[in-house]
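Engineer: Structure file run.cif (mmCIF, C-alpha atoms) is given on the next line.
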data_start
loop_
_atom_site.label_atom_id
_atom_site.label_comp_id
_atom_site.auth_asym_id
_atom_site.auth_seq_id
_atom_site.Cartn_x
_atom_site.Cartn_y
_atom_site.Cartn_z
CA MET A 220 49.99 17.51 20.77
CA GLU A 221 53.46 16.47 19.76
CA ARG A 222 54.39 12.85 20.27
CA PRO A 223 57.66 10.95 19.76
CA ASP A 224 58.05 10.04 16.13
CA PRO A 225 57.95 6.22 16.06
CA THR A 226 59.86 6.20 12.81
CA GLN A 227 62.78 8.03 14.40
CA ASP A 228 65.82 5.85 15.02
CA PRO A 229 66.09 5.46 18.81
CA THR A 230 69.86 5.46 18.44
CA ALA A 231 69.58 9.14 17.60
CA ALA A 232 68.99 9.91 21.29
CA ASP A 233 71.43 12.13 23.15
CA THR A 234 74.57 10.36 24.24
CA ALA A 235 76.44 10.58 27.51
CA PRO A 236 79.31 13.06 27.68
CA GLY A 237 82.17 11.83 25.57
CA ALA A 238 80.23 8.86 24.18
CA THR A 239 80.04 8.35 20.45
CA ALA A 240 78.69 4.81 20.00
CA GLU A 241 75.10 4.39 18.84
CA ILE A 242 72.51 2.99 21.22
CA GLU A 243 71.04 -0.38 20.28
CA ILE A 244 67.57 -1.37 21.47
CA SER A 245 66.54 -4.99 21.97
CA THR A 246 63.99 -7.01 23.93
CA LEU A 247 64.12 -10.19 26.00
CA ASN A 248 61.22 -12.55 26.65
CA SER A 249 62.89 -13.80 29.83
CA LEU A 250 65.27 -12.36 32.39
CA GLY A 251 67.06 -15.69 32.13
CA GLY A 252 68.77 -14.08 29.14
CA ILE A 253 70.57 -11.46 31.23
CA ALA A 254 72.77 -11.74 34.29
CA GLU A 255 71.30 -10.54 37.58
CA ALA A 256 74.25 -8.21 38.20
CA GLU A 257 73.90 -6.67 34.75
CA TRP A 258 70.19 -5.91 35.17
CA ASP A 259 70.60 -4.65 38.72
CA GLY A 260 73.46 -2.40 37.60
CA CYS A 261 70.71 -0.34 35.97
CA ALA A 262 67.80 -1.14 38.29
CA CYS A 263 69.46 -0.64 41.68
CA PRO A 264 73.08 0.52 41.39
CA GLU A 265 72.82 1.92 44.93
CA ALA A 266 72.57 -1.65 46.29
CA ALA A 267 76.16 -2.35 45.22
CA ASP A 268 77.16 -1.20 48.72
CA GLY A 269 75.40 -4.24 50.19
CA GLY A 270 72.36 -2.32 51.42
CA PRO A 271 68.77 -2.70 50.24
CA PRO A 272 67.65 -1.28 46.91
CA VAL A 273 65.54 1.87 46.78
CA ASP A 274 62.92 -0.11 44.85
CA PRO A 275 62.83 -3.87 45.55
CA PHE A 276 60.22 -4.40 42.83
CA THR A 277 62.41 -3.62 39.80
CA THR A 278 65.24 -5.89 40.93
CA TRP A 279 66.10 -8.94 38.85
CA ARG A 280 65.14 -11.25 41.72
CA PHE A 281 61.61 -9.83 42.08
CA LEU A 282 60.77 -9.68 38.38
CA LYS A 283 62.34 -13.10 37.74
CA SER A 284 60.29 -14.54 40.61
CA LEU A 285 57.11 -13.30 38.93
CA GLU A 286 58.26 -14.96 35.74
CA ASP A 287 59.50 -18.25 37.23
CA SER A 288 56.35 -18.67 39.32
CA GLY A 289 54.03 -18.30 36.32
CA SER A 290 52.50 -15.14 37.77
CA VAL A 291 53.41 -13.45 34.47
CA GLY A 292 53.90 -15.10 31.10
CA PRO A 293 51.70 -17.19 28.80
CA GLY A 294 48.03 -17.11 29.70
CA THR A 295 48.30 -14.31 32.27
CA GLY A 296 47.86 -11.27 30.03
CA TRP A 297 51.33 -10.08 31.09
CA GLU A 298 53.80 -11.16 28.39
CA PRO A 299 57.38 -10.06 29.23
CA HIS A 300 59.38 -8.18 26.61
CA TYR A 301 62.06 -6.61 28.79
CA LEU A 302 63.55 -3.58 27.04
CA LEU A 303 67.35 -3.21 26.87
CA ALA A 304 69.52 -0.34 25.63
CA ARG A 305 73.22 -0.95 24.91
CA GLN A 306 75.88 1.52 23.91
CA GLY A 307 79.20 0.23 22.66
CA GLY A 308 78.24 -3.20 24.03
CA GLU A 309 77.57 -1.82 27.52
CA LEU A 310 74.09 -2.14 28.98
CA ILE A 311 73.10 1.42 29.94
CA ALA A 312 69.33 1.15 30.49
CA VAL A 313 66.51 -1.38 30.93
CA ALA A 314 62.75 -1.30 31.48
CA PRO A 315 60.21 -3.92 32.61
CA LEU A 316 58.08 -3.97 29.46
CA TYR A 317 55.03 -6.20 29.00
CA ALA A 318 52.49 -6.83 26.26
CA LYS A 319 49.10 -6.65 27.98
CA GLY A 320 45.99 -8.49 26.89
CA HIS A 321 43.83 -6.70 29.48
CA SER A 322 44.08 -3.91 32.05
CA GLN A 323 44.03 -6.04 35.19
CA GLY A 324 46.68 -5.66 37.88
CA GLU A 325 47.74 -2.13 36.91
CA TYR A 326 45.94 0.17 39.41
CA ILE A 327 46.03 3.11 36.99
CA PHE A 328 42.70 2.49 35.39
CA ASP A 329 42.17 2.82 31.65
CA PHE A 330 39.10 0.62 31.26
CA ASN A 331 37.07 3.58 30.00
CA TRP A 332 39.78 4.33 27.43
CA ALA A 333 39.65 0.74 26.21
CA HIS A 334 35.85 0.80 25.99
CA ALA A 335 35.81 4.04 23.99
CA TYR A 336 38.59 2.85 21.68
CA GLU A 337 36.80 -0.41 20.92
CA GLN A 338 33.41 1.32 20.56
CA ALA A 339 35.08 3.38 17.82
CA GLY A 340 36.12 0.17 16.05
CA GLY A 341 39.70 -0.15 17.24
CA ASP A 342 41.56 -2.92 19.06
CA TYR A 343 42.85 -1.51 22.34
CA TYR A 344 44.51 -4.79 23.29
CA PRO A 345 47.23 -5.83 23.15
CA LYS A 346 48.98 -2.74 24.46
CA LEU A 347 52.46 -2.17 25.90
CA GLN A 348 52.98 -1.51 29.59
CA ILE A 349 56.17 -0.44 31.37
CA ALA A 350 55.32 -1.39 34.92
CA VAL A 351 55.87 -3.76 37.80
CA PRO A 352 52.97 -6.21 37.57
CA PHE A 353 50.37 -6.06 40.36
CA THR A 354 52.41 -3.43 42.23
CA PRO A 355 51.05 0.11 42.71
CA ALA A 356 54.29 1.45 44.19
CA THR A 357 56.15 4.46 42.82
CA GLY A 358 59.66 3.88 41.52
CA ARG A 359 61.87 4.34 38.51
CA ARG A 360 60.46 2.63 35.44
CA PHE A 361 63.19 3.75 33.04
CA LEU A 362 66.11 2.07 34.76
CA VAL A 363 69.18 3.93 33.57
CA LYS A 364 72.74 3.33 34.72
CA PRO A 365 74.27 6.41 36.40
CA GLY A 366 76.02 8.65 33.91
CA HIS A 367 73.69 7.77 31.04
CA GLU A 368 70.46 9.40 32.24
CA ALA A 369 69.55 11.52 29.20
CA ALA A 370 70.63 9.03 26.57
CA GLY A 371 69.21 6.00 28.34
CA MET A 372 65.75 7.36 29.01
CA SER A 373 65.42 8.86 25.56
CA ALA A 374 66.41 5.56 23.98
CA LEU A 375 63.99 3.53 26.10
CA ILE A 376 61.03 5.80 25.35
CA GLN A 377 61.73 6.02 21.64
CA GLY A 378 62.44 2.29 21.48
CA ALA A 379 59.19 1.38 23.22
CA VAL A 380 57.18 3.71 20.97
CA GLN A 381 58.90 2.20 17.93
CA ILE A 382 57.94 -1.31 19.04
CA ALA A 383 54.33 -0.28 19.59
CA ALA A 384 54.13 1.43 16.19
CA ASP A 385 55.86 -1.40 14.31
CA ASN A 386 53.41 -3.92 15.74
CA GLY A 387 50.31 -1.79 15.19
CA LEU A 388 49.55 -1.58 18.90
CA SER A 389 47.15 0.99 20.28
CA SER A 390 49.25 2.44 23.07
CA LEU A 391 52.18 2.47 25.47
CA HIS A 392 51.86 3.17 29.20
CA ALA A 393 54.44 3.62 31.97
CA THR A 394 52.72 3.53 35.35
CA PHE A 395 53.85 4.57 38.84
CA CYS A 396 56.97 6.20 37.47
CA THR A 397 58.76 8.96 39.36
CA GLU A 398 57.77 12.60 38.94
CA GLY A 399 61.11 13.33 37.28
CA GLU A 400 60.57 10.58 34.75
CA ALA A 401 57.05 11.79 34.07
CA LEU A 402 58.22 15.33 33.38
CA ALA A 403 61.05 14.13 31.15
CA ALA A 404 58.66 11.89 29.19
CA LYS A 405 56.16 14.72 28.89
CA ALA A 406 58.90 16.89 27.39
CA MET A 407 59.34 14.13 24.78
CA GLY A 408 55.64 14.28 23.88
CA LEU A 409 54.03 11.62 26.07
CA MET A 410 50.90 12.43 28.04
CA HIS A 411 51.27 12.89 31.79
CA ARG A 412 48.66 11.48 34.16
CA THR A 413 48.41 12.06 37.89
CA SER A 414 46.60 10.09 40.53
CA GLN A 415 46.83 9.79 44.30
CA GLN A 416 47.67 7.38 47.09
CA PHE A 417 48.06 7.71 50.85
CA HIS A 418 51.59 7.65 52.29
CA TRP A 419 52.80 7.94 55.87
CA LEU A 420 55.79 10.28 56.16
CA ASN A 421 58.41 9.93 58.89
CA ASP A 422 59.23 13.33 60.35
CA GLY A 423 62.13 11.96 62.36
CA TYR A 424 59.86 10.35 64.97
CA SER A 425 61.60 8.55 67.82
CA ASP A 426 58.73 6.11 68.35
CA PHE A 427 55.00 5.66 67.74
CA ASP A 428 54.06 7.88 70.67
CA ASP A 429 56.19 10.66 69.21
CA PHE A 430 54.19 10.36 66.00
CA LEU A 431 50.91 10.40 67.95
CA SER A 432 51.94 13.56 69.78
CA ASN A 433 51.70 15.41 66.46
CA LEU A 434 48.06 14.43 65.91
CA SER A 435 44.95 16.19 67.09
CA SER A 436 43.70 14.96 70.45
CA ARG A 437 40.67 13.22 68.96
CA LYS A 438 42.67 11.35 66.31
CA ARG A 439 45.34 10.42 68.83
CA LYS A 440 42.76 8.92 71.19
CA ASN A 441 41.06 7.06 68.33
CA ILE A 442 44.29 5.43 67.17
CA ARG A 443 45.18 4.36 70.71
CA LYS A 444 41.70 2.87 71.06
CA GLU A 445 42.05 1.00 67.76
CA ARG A 446 45.45 -0.40 68.74
CA ALA A 447 44.08 -1.57 72.08
CA GLN A 448 41.09 -3.24 70.39
CA ALA A 449 43.36 -4.97 67.88
CA GLN A 450 45.79 -6.20 70.51
CA ALA A 451 42.87 -7.72 72.41
CA PHE A 452 42.08 -10.21 69.64
CA GLY A 453 43.32 -13.03 71.87
CA GLY A 454 46.79 -13.80 70.57
CA GLU A 455 50.14 -12.33 69.63
CA ILE A 456 51.47 -10.29 66.72
CA LEU A 457 54.82 -11.16 65.17
CA ALA A 458 56.85 -9.15 62.63
CA LEU A 459 59.10 -11.55 60.71
CA THR A 460 61.87 -10.99 58.20
CA GLY A 461 64.97 -12.77 56.91
CA ASP A 462 65.77 -16.16 58.39
CA ALA A 463 62.92 -15.85 60.89
CA LEU A 464 60.56 -16.60 58.01
CA ARG A 465 59.63 -20.25 57.56
CA PRO A 466 57.68 -22.17 54.86
CA GLU A 467 54.74 -22.59 57.25
CA HIS A 468 54.43 -18.82 57.48
CA TRP A 469 54.01 -18.64 53.72
CA ASP A 470 51.50 -21.50 53.81
CA ALA A 471 49.40 -19.43 56.18
CA PHE A 472 49.79 -16.23 54.23
CA TRP A 473 48.83 -17.98 50.99
CA GLY A 474 45.46 -18.72 52.57
CA PHE A 475 45.04 -15.06 53.52
CA TYR A 476 46.09 -13.89 50.07
CA GLN A 477 43.73 -16.27 48.29
CA ASP A 478 40.78 -15.08 50.36
CA THR A 479 41.49 -11.40 49.70
CA GLY A 480 42.33 -11.96 46.04
CA ALA A 481 39.17 -13.94 45.39
CA ARG A 482 37.04 -11.17 46.89
CA LYS A 483 38.85 -8.26 45.17
CA TRP A 484 39.88 -9.60 41.77
CA GLY A 485 38.05 -12.90 41.33
CA THR A 486 41.33 -14.75 40.84
CA PRO A 487 44.53 -14.01 42.79
CA TYR A 488 47.25 -12.55 40.57
CA LEU A 489 50.20 -14.31 42.19
CA THR A 490 50.74 -18.06 42.26
CA ARG A 491 51.71 -20.08 45.34
CA ALA A 492 55.15 -20.66 43.82
CA PHE A 493 55.86 -16.91 43.90
CA PHE A 494 55.92 -16.87 47.70
CA ASP A 495 58.31 -19.83 47.79
CA LEU A 496 60.65 -17.93 45.47
CA VAL A 497 60.36 -14.83 47.67
CA GLN A 498 61.39 -16.98 50.63
CA ASP A 499 64.39 -18.26 48.69
CA ARG A 500 65.49 -15.03 46.99
CA MET A 501 64.02 -12.10 48.90
CA ARG A 502 63.40 -12.98 52.55
CA ASP A 503 65.64 -10.10 53.66
CA ASP A 504 63.51 -7.75 51.53
CA VAL A 505 60.19 -8.59 53.17
CA LEU A 506 58.47 -7.95 56.48
CA LEU A 507 55.63 -10.35 57.16
CA VAL A 508 53.35 -9.34 60.03
CA LEU A 509 51.26 -12.21 61.40
CA ALA A 510 48.55 -12.38 64.05
CA LEU A 511 48.57 -15.73 65.81
CA ARG A 512 45.88 -17.07 68.10
CA ASP A 513 46.62 -20.29 70.00
CA GLY A 514 49.78 -20.49 67.93
CA GLU A 515 47.94 -20.50 64.60
CA PRO A 516 48.09 -17.56 62.14
CA VAL A 517 44.67 -15.97 61.66
CA ALA A 518 45.66 -12.83 59.72
CA GLY A 519 48.71 -11.30 58.06
CA ALA A 520 50.14 -8.37 56.11
CA LEU A 521 53.04 -8.54 53.68
CA ASN A 522 55.42 -5.60 53.24
CA PHE A 523 58.50 -5.15 51.10
CA ILE A 524 61.46 -3.22 52.46
CA GLY A 525 63.19 -0.56 50.39
CA ARG A 526 66.13 1.64 51.24
CA GLU A 527 63.87 4.60 52.01
CA ALA A 528 60.36 3.18 52.26
CA LEU A 529 58.29 0.29 53.51
CA PHE A 530 55.80 -0.88 50.89
CA GLY A 531 52.59 -2.46 52.13
CA ARG A 532 51.34 -4.95 49.58
CA TYR A 533 48.89 -7.65 50.69
CA TRP A 534 46.64 -8.36 53.62
CA GLY A 535 44.27 -11.16 54.47
CA ALA A 536 42.48 -12.81 57.37
CA LEU A 537 40.59 -16.00 58.08
CA GLU A 538 38.88 -14.51 61.12
CA HIS A 539 37.42 -11.05 61.73
CA HIS A 540 38.65 -9.13 64.75
CA PRO A 541 37.95 -5.41 65.34
CA CYS A 542 40.72 -3.11 64.08
CA LEU A 543 43.14 -5.97 63.39
CA HIS A 544 43.40 -4.84 59.77
CA PHE A 545 44.45 -1.34 60.84
CA GLU A 546 47.00 -2.72 63.31
CA LEU A 547 48.68 -5.18 60.96
CA CYS A 548 48.63 -3.04 57.82
CA TYR A 549 49.12 0.51 59.09
CA TYR A 550 50.29 0.76 62.68
CA GLN A 551 52.76 -2.12 62.57
CA ALA A 552 54.13 -0.63 59.35
CA ILE A 553 54.64 2.73 61.07
CA ASP A 554 56.40 1.00 63.97
CA ALA A 555 58.71 -0.80 61.54
CA ALA A 556 59.46 2.32 59.51
CA ILE A 557 60.40 4.30 62.63
CA ALA A 558 62.58 1.48 63.94
CA ARG A 559 64.39 1.18 60.61
CA GLY A 560 64.70 4.93 60.03
CA LEU A 561 62.70 4.76 56.79
CA LYS A 562 61.30 7.95 55.30
CA ARG A 563 57.80 6.75 54.50
CA VAL A 564 55.28 3.93 54.29
CA GLU A 565 53.43 3.42 51.02
CA ALA A 566 50.26 1.53 51.83
CA GLY A 567 49.14 0.67 48.31
CA ALA A 568 46.30 1.92 46.17
CA GLN A 569 43.11 3.70 47.22
CA GLY A 570 41.66 3.90 50.73
CA GLU A 571 40.61 7.27 52.16
CA HIS A 572 40.25 5.50 55.52
CA LYS A 573 44.06 5.68 55.74
CA LEU A 574 43.86 9.45 56.20
CA ALA A 575 42.60 9.26 59.79
CA ARG A 576 45.52 6.95 60.57
CA GLY A 577 48.24 9.37 59.56
CA TYR A 578 48.60 8.47 55.88
CA MET A 579 48.43 11.66 53.84
CA PRO A 580 47.45 12.09 50.16
CA SER A 581 50.38 11.92 47.75
CA VAL A 582 50.54 12.37 43.97
CA THR A 583 51.47 9.44 41.75
CA HIS A 584 52.51 9.67 38.11
CA SER A 585 52.23 7.80 34.84
CA VAL A 586 52.86 8.59 31.17
CA HIS A 587 51.04 7.44 28.05
CA TRP A 588 51.44 7.30 24.28
CA VAL A 589 48.49 6.56 21.99
CA ALA A 590 48.97 5.78 18.32
CA ASP A 591 45.74 7.32 17.03
CA GLN A 592 46.18 11.08 17.13
CA GLY A 593 42.48 11.89 17.38
CA PHE A 594 42.06 9.52 20.31
CA ALA A 595 45.24 10.92 21.88
CA ARG A 596 43.82 14.45 21.74
CA ALA A 597 40.64 13.30 23.48
CA ILE A 598 42.64 11.57 26.20
CA ALA A 599 44.85 14.64 26.65
CA GLN A 600 41.75 16.75 27.33
CA TYR A 601 40.47 14.14 29.77
CA LEU A 602 43.81 14.07 31.61
CA GLU A 603 43.85 17.84 32.01
CA ALA A 604 40.45 17.77 33.70
CA GLU A 605 41.40 14.73 35.77
CA ALA A 606 44.61 16.40 36.99
CA ARG A 607 42.62 19.42 38.23
CA ALA A 608 40.24 17.10 40.07
CA VAL A 609 43.15 15.19 41.65
CA ASP A 610 44.74 18.45 42.84
CA GLU A 611 41.47 19.64 44.34
CA ASP A 612 40.86 16.29 46.01
CA ILE A 613 44.32 16.28 47.56
CA GLU A 614 43.84 19.83 48.85
CA VAL A 615 40.53 18.94 50.48
CA LEU A 616 41.80 15.68 51.97
CA THR A 617 44.95 17.32 53.33
CA ALA A 618 42.79 19.84 55.16
CA TYR A 619 40.98 16.95 56.86
CA GLY A 620 44.23 15.29 57.90
CA PRO A 621 44.69 14.07 61.49
CA PHE A 622 47.60 16.33 62.42
CA ARG A 623 47.36 19.21 64.87
CA ARG A 624 46.54 22.44 63.08
CA ASP A 625 50.03 23.89 63.57
CA ARG A 626 51.57 20.70 62.16
CA GLN A 627 49.08 20.70 59.29
CA GLU A 628 50.12 24.21 58.32
CA GLU A 629 53.79 23.19 58.37
CA GLN A 630 53.09 20.27 56.02
CA GLU A 631 51.12 22.47 53.64
#
As structure tokens, please, write out the structure in this file.
Structural biologist:
Amino acid sequence: MERPDPTQDPTAADTAPGATAEIEISTLNSLGGIAEAEWDGCACPEAADGGPPVDPFTTWRFLKSLEDSGSVGPGTGWEPHYLLARQGGELIAVAPLYAKGHSQGEYIFDFNWAHAYEQAGGDYYPKLQIAVPFTPATGRRFLVKPGHEAAGMSALIQGAVQIAADNGLSSLHATFCTEGEALAAKAMGLMHRTSQQFHWLNDGYSDFDDFLSNLSSRKRKNIRKERAQAQAFGGEILALTGDALRPEHWDAFWGFYQDTGARKWGTPYLTRAFFDLVQDRMRDDVLLVLALRDGEPVAGALNFIGREALFGRYWGALEHHPCLHFELCYYQAIDAAIARGLKRVEAGAQGEHKLARGYMPSVTHSVHWVADQGFARAIAQYLEAEARAVDEDIEVLTAYGPFRRDRQEEQE
């Protein structure tokens, strides 16, 4: 299997039409070393019109909030080394690059790779990861300014491989990238990995009942029953964004997040300070759904708002009420997406239970480079078999989807 030559000068990448200057690669340990507008000119140029970014998670304000809150940095296993590519002094591409001391918070699991590598006598960690920490949401990972696509991506990939090779690191991974990025990276010699999530797709629905009308009778009745059960928990449900959000809302959600994080990961990934920074910097980018009983929040779900999608991220509850999880995380998200005209809801990693609630299987992508060629060949064989299994799983799950048979055939 051919892989990018780590000794190749990354400035040898293709250049944009008419450009002659070499591309210079550098890294930053903090986004404090780059202006927000300069980073976002690569990460979300579409937001220059004043609208929301396609991907809120690669914006300067989100990544800097992770950094400033201590959610990433020393002692976390996520050491920032943001990758920058400049041509003629102009920043043309960036990537959120981290040195990882473990594989926690990635959601594309390589624990078995690490075990095999270390059983063979190697040091799998540290490794390099191009990713948004703790965020299994698809988006561009090679953030290239428009007009520099070929040169920028080539430079970022070759630059990251060079850094890994120069430092004797085992591997480089870019997770939850777009399909286009994955195919371009594969053409450069990286290994392509597929996985799956469950996404709700908006087929131009006018409201929730319009969506339900496209489901089979049994699934439609079940969802209506679940919504009725959830709404009967004895309180009210509020969907808050922007200036409607208050510090006390984040105090409540922090309790929910801690409870869920302690049960799922042992230790929550995000610090309390992160949510204060989100309130300050990103309150227009979030939708916080809270269930209140007697005026006190008892459960909540946090979503981030993109230009085309609503991204469900965290849920938690201090009390158990039947179907409240489904209502806050899935049905309220569908309501919000329809109201905002968004194309889809991405409800995070895993969860086949989402299928019955209208969230269909969707392919996700990542790319990988491994320094040891023998180990890389073994992983490549594993990924081929895994990809076939993912395709088969998606085909089977799609057939069990909740849509009416005529609608199912249209989607297929």
Engineer: Between CA of Ala510 in chain A and CA of Ala556 in chain A, what distance in Å does the model show, to one decimal?
Structural biologist: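 Computing it gives 18.9 Å between the two atoms.
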Engineer: Report the distance between CA of Ile242 in chain A and CA of Gly260 in chain A in Å, rounded to one decimal place.
Structural biologist: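 Taking CA of Ile242 in chain A and CA of Gly260 in chain A, their separation equals 17.3 Å.
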Engineer: Measuring atom to atom with only C-alpha atoms, identify which of A:Val313, A:Ala403, A:Ala379, A:Cys542 is nearest to Arg446 in chain A.
Structural biologist: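 Once distances to Arg446 in chain A are computed over only C-alpha atoms, the minimum belongs to A:Cys542.
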Engineer: Take CA of Arg412 in chain A and CA of Thr397 in chain A and report the distance between them in Å, one decimal.
Structural biologist: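 Computing it gives 11.6 Å between the two atoms.
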Engineer: For a quick check of understanding, using all atoms listed in the file, which of A:Ser414, A:Gln498, A:Thr246, A:Gln592 has the smallest distance to Ala568 in chain A?
Structural biologist: A:Ser414
Engineer: Just checking: using all atoms listed in the file, which residue out of A:Lys440, A:Arg563, A:Arg512, A:His321 ends up closest to Ile456 in chain A?
Structural biologist: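 Ranking A:Lys440, A:Arg563, A:Arg512, A:His321 by distance to Ile456 in chain A, first place goes to A:Arg512.
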Engineer: Can you tell me which residues surround Gly531 in chain A at a distance of at most 12 Å, considering all atoms listed in the file, apart from same-chain residues fewer than 2 positions away, and format the answer as a PyMOL selection string?
Structural biologist: chain A and resi 354-356+417-419+505-508+519-525+528-529+533-534+545+547-553+555-556+563-568
Engineer: With only C-alpha atoms as the basis for distance, which of A:Asp429, A:Leu509, A:Gly560, A:Thr617 is at the shortest distance from Gly454 in chain A?
Structural biologist: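 Under the stated criterion, the closest residue is A:Leu509.
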Engineer: To verify the selection step, state as a PDB file with C-alpha atoms, in the coordinates of the input which residues the PyMOL selection byres ((chain A and resi 400) around 9) yields on this input.
Structural biologist:
ATOM      1  CA  ARG A 359      61.870   4.340  38.510  1.00  0.00           C
ATOM      2  CA  ARG A 360      60.460   2.630  35.440  1.00  0.00           C
ATOM      3  CA  PHE A 361      63.190   3.750  33.040  1.00  0.00           C
ATOM      4  CA  MET A 372      65.750   7.360  29.010  1.00  0.00           C
ATOM      5  CA  CYS A 396      56.970   6.200  37.470  1.00  0.00           C
ATOM      6  CA  THR A 397      58.760   8.960  39.360  1.00  0.00           C
ATOM      7  CA  GLU A 398      57.770  12.600  38.940  1.00  0.00           C
ATOM      8  CA  GLY A 399      61.110  13.330  37.280  1.00  0.00           C
ATOM      9  CA  ALA A 401      57.050  11.790  34.070  1.00  0.00           C
ATOM     10  CA  LEU A 402      58.220  15.330  33.380  1.00  0.00           C
ATOM     11  CA  ALA A 403      61.050  14.130  31.150  1.00  0.00           C
ATOM     12  CA  ALA A 404      58.660  11.890  29.190  1.00  0.00           C
ATOM     13  CA  LYS A 405      56.160  14.720  28.890  1.00  0.00           C
ATOM     14  CA  HIS A 584      52.510   9.670  38.110  1.00  0.00           C
ATOM     15  CA  SER A 585      52.230   7.800  34.840  1.00  0.00           C
ATOM     16  CA  VAL A 586      52.860   8.590  31.170  1.00  0.00           C
TER      17      VAL A 586
END
Engineer: Using all atoms listed in the file, which of A:Pro275, A:Gly296, A:Gly593, A:Gly577 sits nearest Phe430 in chain A?
Structural biologist: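 Closest to Phe430 in chain A, using all atoms listed in the file: A:Gly577.
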Engineer: Using only C-alpha atoms, which of A:Arg465, A:Arg443, A:His544, A:Lys319 sits nearest Leu347 in chain A?
Structural biologist: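 Looking only at the distances to Leu347 in chain A, the closest residue turns out to be A:Lys319.
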Engineer: List every residue of range 585-613 of chain A that has an atom at most 12 Å from any atom of range 330-339 of chain A, giving for each one its closest atom pair and the distance in Å to one decimal, counting all atoms listed in the file, sorted by chain and then by ascending residue number, as CSV.
Structural biologist:
residue,atom,partner,partner_atom,distance
A:His587,CA,A:Trp332,CA,11.7
A:Val589,CA,A:Trp332,CA,10.5
A:Ala590,CA,A:Tyr336,CA,11.3
A:Asp591,CA,A:Tyr336,CA,9.6
A:Gly593,CA,A:Tyr336,CA,10.7
A:Phe594,CA,A:Tyr336,CA,7.6
A:Ala595,CA,A:Trp332,CA,10.2
A:Ala597,CA,A:Trp332,CA,9.8
A:Ile598,CA,A:Trp332,CA,7.9
A:Ala599,CA,A:Trp332,CA,11.5
A:Tyr601,CA,A:Trp332,CA,10.1
A:Leu602,CA,A:Trp332,CA,11.3
Engineer: Next, the residues of the selection above should be written as a compact mmCIF listing (two decimals), keeping the file's coordinate frame with C-alpha atoms.
Structural biologist:
# COMPACT_ATOMS: atom_id res chain seq x y z
CA HIS A 587 51.04 7.44 28.05
CA VAL A 589 48.49 6.56 21.99
CA ALA A 590 48.97 5.78 18.32
CA ASP A 591 45.74 7.32 17.03
CA GLY A 593 42.48 11.89 17.38
CA PHE A 594 42.06 9.52 20.31
CA ALA A 595 45.24 10.92 21.88
CA ALA A 597 40.64 13.30 23.48
CA ILE A 598 42.64 11.57 26.20
CA ALA A 599 44.85 14.64 26.65
CA TYR A 601 40.47 14.14 29.77
CA LEU A 602 43.81 14.07 31.61
Engineer: Give me the box for range 253-261 of chain A as JSON, namely the centre and edge lengths in Å to one decimal of a box along x, y and z that holds every listed atom plus 8 Å on each side.
Structural biologist:
{"center_x": 72.2, "center_y": -6.0, "center_z": 35.0, "size_x": 20.1, "size_y": 27.4, "size_z": 23.5}
Engineer: Hey, can you pull every residue with an atom no more than 10 Å from (53.4, -19.0, 52.5), using only C-alpha atoms, and send it as a ChimeraX atom specification?
Structural biologist: /A:464-476,491-495,497-498
Engineer: Would you kindly translate the PyMOL selection byres ((chain A and resi 345) around 6) into the concrete residues it picks from this file, as an NGL selection string?
Structural biologist: :A and (319-320 or 344 or 346)
Engineer: Here's the selection I'm unsure about, the PyMOL selection byres ((chain A and resi 380) around 12); applied to the file above, which residues does it give, as a PyMOL selection string?
Structural biologist: chain A and resi 222-229+244+302+316+346-349+373-379+381-393+404+407-409+587-590
Engineer: Give me the residues within 12 Å of range 281-289 of chain A as a ChimeraX atom specification, counting only C-alpha atoms and dropping any in the same chain fewer than 5 places off.
Structural biologist: /A:248-255,258-259,262,272,274-276,294-301,314-317,350-354,488-502,504-505,523
Engineer: For Cys261 in chain A, please output as a list of chain:residue names all residues within 8 Å (counting all atoms listed in the file; exclusion window: fewer than 3 positions along the same chain).
Structural biologist: A:Glu257, A:Trp258, A:Pro264, A:Leu310, A:Ile311, A:Ala312, A:Val313, A:Leu362, A:Val363, A:Lys364, A:Pro365
